[in-house]
Amino acid sequence: MSPAASGPVRRADRGDGTYRNPVLNADWSDPDVIRVGDDYYLTASSFGRAPGLPLLHSRDLVNWRLIGHALERLEPEDAFAAPRHDCGVWAPSIRHHDGRFWIFWGDPDTGVHQVNAADPRGPWTRPHLLKAGKGLIDPCPLWDEDGSAYLVHAWAKSRAGVKNRLTGHRMSPDGTALLDEGRLIVDADTIPGWFTLEGPKLYRREGWYWILAPAGGVETGWQGALRSRDFFGPYEHRIVLAQGGTDVNGPHQGGWVDTPAGEDWFLHFQQRGAYGRVVHLQPMEWAEDGWPVLGDRGEPVASYRKPRAEPQPPEAPATDDGFPGGRFGRQWSWTANPAPGWTCAHGGDGLRLTCRRTADAHDLRRLPNVLVQRLPAEEFTVTVGLSLHSEVPGAKAGLAVLGDAFGWIGLERTADGTRLVHRFADIATERERDAEHPREAPDGRARLRIEVSRGARCRFLTATADDHDWHPSGPVFAATPWRWVGALLGLFATAPEGQGPMGHAEFTDFRTAH
């Protein structure tokens, strides 16, 4: 894959020494962050997409660049040969210990895993299963000052039948084994008003073990802090960040990080429907009573002065892609583990996707060979060029908005030539249907556009080689999330089941404008 230059995007950095939230205005779900020297590294949930475990880098906690992924393929591989959008990598934790970077995560169906590397850009080890079981989620390690190591994790009721509790283990210092059966260290059923305690992040400070963990659910919950003199408890608790009078619903699940200048900050997410879980940065201080105070006296800030650091150029993770050398950038992932032959190598610019033969071509939600990236803003326009090179009737390719419901616009091959098509499927239907009557595209080429307005309302447009004007197609489509995952932009190419050459689709000049 090739890095791609970022297009015109909304910047969190205002350029005057202040920033505005969210600092990552896209679906970087369940973020965790560390500092190593002057550098900050962030990872996030990637669920069933491959590659997984994205890694972002910053020098000031405001401007971020995607530098790679720690997980090339999901395991067990056969289980992720088809899309499983709410499975896979849940809520990772990132740490730096003994000269290595460590990422732990829970797969709700298989257990707690870890990978590690000397360099965050890789290579990373293969996943190591640290604790097998159902419903084991949100793990976080701690290497203590005396050389001992611990692990805390939460529970998913959907798999384990229990939730709202945290389990603690002693762990081998090399991170490869747990040294006991585990103990219940926090039972939030005993805390009045607390429910769905999850996402624990474990720290050590001034003789206390600290667990920063959200409760109350992602839509309307809050961020809690718990502390104990002993890792196994008992823990005191306090709510340290809540919506209050702001418009930041359910400030939820993130990580504490300090700076070389001695400041403390906290990154967390906010659930925004089809836009997914966007990331906010909160100032953090320690009160005289020893408890952390996040945001503006416990409420999220909309804007604030930037962390003290060397000035950095405004930056956000890339969205645009010219597909140089026929390769796609780091911002893209597949909806399942990729298989050989999904792309066609060539020496020029432009991405060639093979028209993969499948019986599921009528339902993009079931296709593993959809190349996707996050919605980059609340309001934006995305444009891409497409040419279809297939003689197979029924072969098609297009630009999609993909979630529990989906809509796409593109080209389809018929027995008589190529036509422009616009199709969609709502949550309750399994087969796509036409949103607009198809029309001819004689040369098999088109420009495709989706205009996304507030509320993730999507208008589809097309232009052809002989008509450069943009023509709206069909009604406005309301994008929807998947479970735990925001809606995604996607590129795809398919063909009906059968034998013989499939052909390919070529995408060029993918651009977003905000």
# chains A, B, ... in the order shown; residues from 1 in each chain; ligands from 1
>>> residues_around(residues="Gly503 of chain A", least_positions_apart="6", cutoff="6 Å", atoms="only C-alpha atoms", output="ChimeraX atom specification")
/A:355,389-390
>>> closest_atom_pairs(of="segment 245-339 of chain A", to="segment 205-224 of chain A", cutoff="6 Å", atoms="only C-alpha atoms", output="CSV")
residue,atom,partner,partner_atom,distance
A:Asn249,CA,A:Thr220,CA,5.6
A:Gly250,CA,A:Thr220,CA,4.1
A:Pro251,CA,A:Trp222,CA,5.5
A:His252,CA,A:Pro214,CA,5.5
A:Gln253,CA,A:Pro214,CA,5.3
>>> select_by_dssp(residues="segment 324-507 of chain A", states="helix (DSSP H, G or I)", output="ChimeraX atom specification")
/A:324-326,364-366
>>> closest_residue(among="A:Val248, A:Ile409, A:Ala400, A:Leu142", to="Asn21 of chain A", atoms="only C-alpha atoms")
A:Val248
>>> atom_distance(atom1="atom CA of Ala177 of chain A", atom2="atom CA of Gly106 of chain A")
15.0 Å
>>> residues_around(residues="Cys458 of chain A", least_positions_apart="4", cutoff="10 Å", atoms="only C-alpha atoms", output="list of chain:residue names")
A:Glu379, A:Phe380, A:Thr381, A:Val401, A:Gly407, A:Arg449, A:Ile450, A:Glu451, A:Val452, A:Ser453, A:Arg454, A:Pro475, A:Val476, A:Phe477, A:Ala478, A:Ala479
>>> residues_around(residues="Leu294 of chain A", least_positions_apart="4", cutoff="6 Å", atoms="only C-alpha atoms", output="list of chain:residue names")
A:Leu241, A:Pro283, A:Met284, A:Gly298
>>> decode(residues="segment 67-97 of chain A", atoms="C-alpha atoms", output="compact mmCIF listing (two decimals), in the first residue's frame")
# COMPACT_ATOMS: atom_id res chain seq x y z
CA ILE A 67 1.38 5.61 9.87
CA GLY A 68 0.28 2.00 9.51
CA HIS A 69 -1.45 -0.98 11.08
CA ALA A 70 -0.32 -3.52 13.65
CA LEU A 71 -2.53 -6.37 12.41
CA GLU A 72 -2.25 -7.33 8.75
CA ARG A 73 -4.90 -10.08 8.89
CA LEU A 74 -7.49 -11.17 11.42
CA GLU A 75 -7.26 -14.55 13.08
CA PRO A 76 -8.54 -17.21 12.89
CA GLU A 77 -8.28 -16.38 9.20
CA ASP A 78 -11.15 -18.57 8.01
CA ALA A 79 -13.52 -16.88 10.48
CA PHE A 80 -12.90 -13.54 8.78
CA ALA A 81 -13.05 -14.65 5.15
CA ALA A 82 -16.47 -12.98 5.05
CA PRO A 83 -17.55 -9.68 6.65
CA ARG A 84 -18.21 -9.71 10.41
CA HIS A 85 -18.64 -6.03 11.08
CA ASP A 86 -19.28 -6.25 14.85
CA CYS A 87 -16.61 -8.85 15.60
CA GLY A 88 -12.80 -8.95 15.54
CA VAL A 89 -10.73 -6.22 17.18
CA TRP A 90 -12.52 -4.52 20.08
CA ALA A 91 -11.09 -1.66 22.18
CA PRO A 92 -7.30 -2.08 22.12
CA SER A 93 -4.78 -0.72 24.62
CA ILE A 94 -1.33 0.45 23.57
CA ARG A 95 1.70 0.58 25.87
CA HIS A 96 5.49 0.94 25.64
CA HIS A 97 7.60 -1.32 27.84
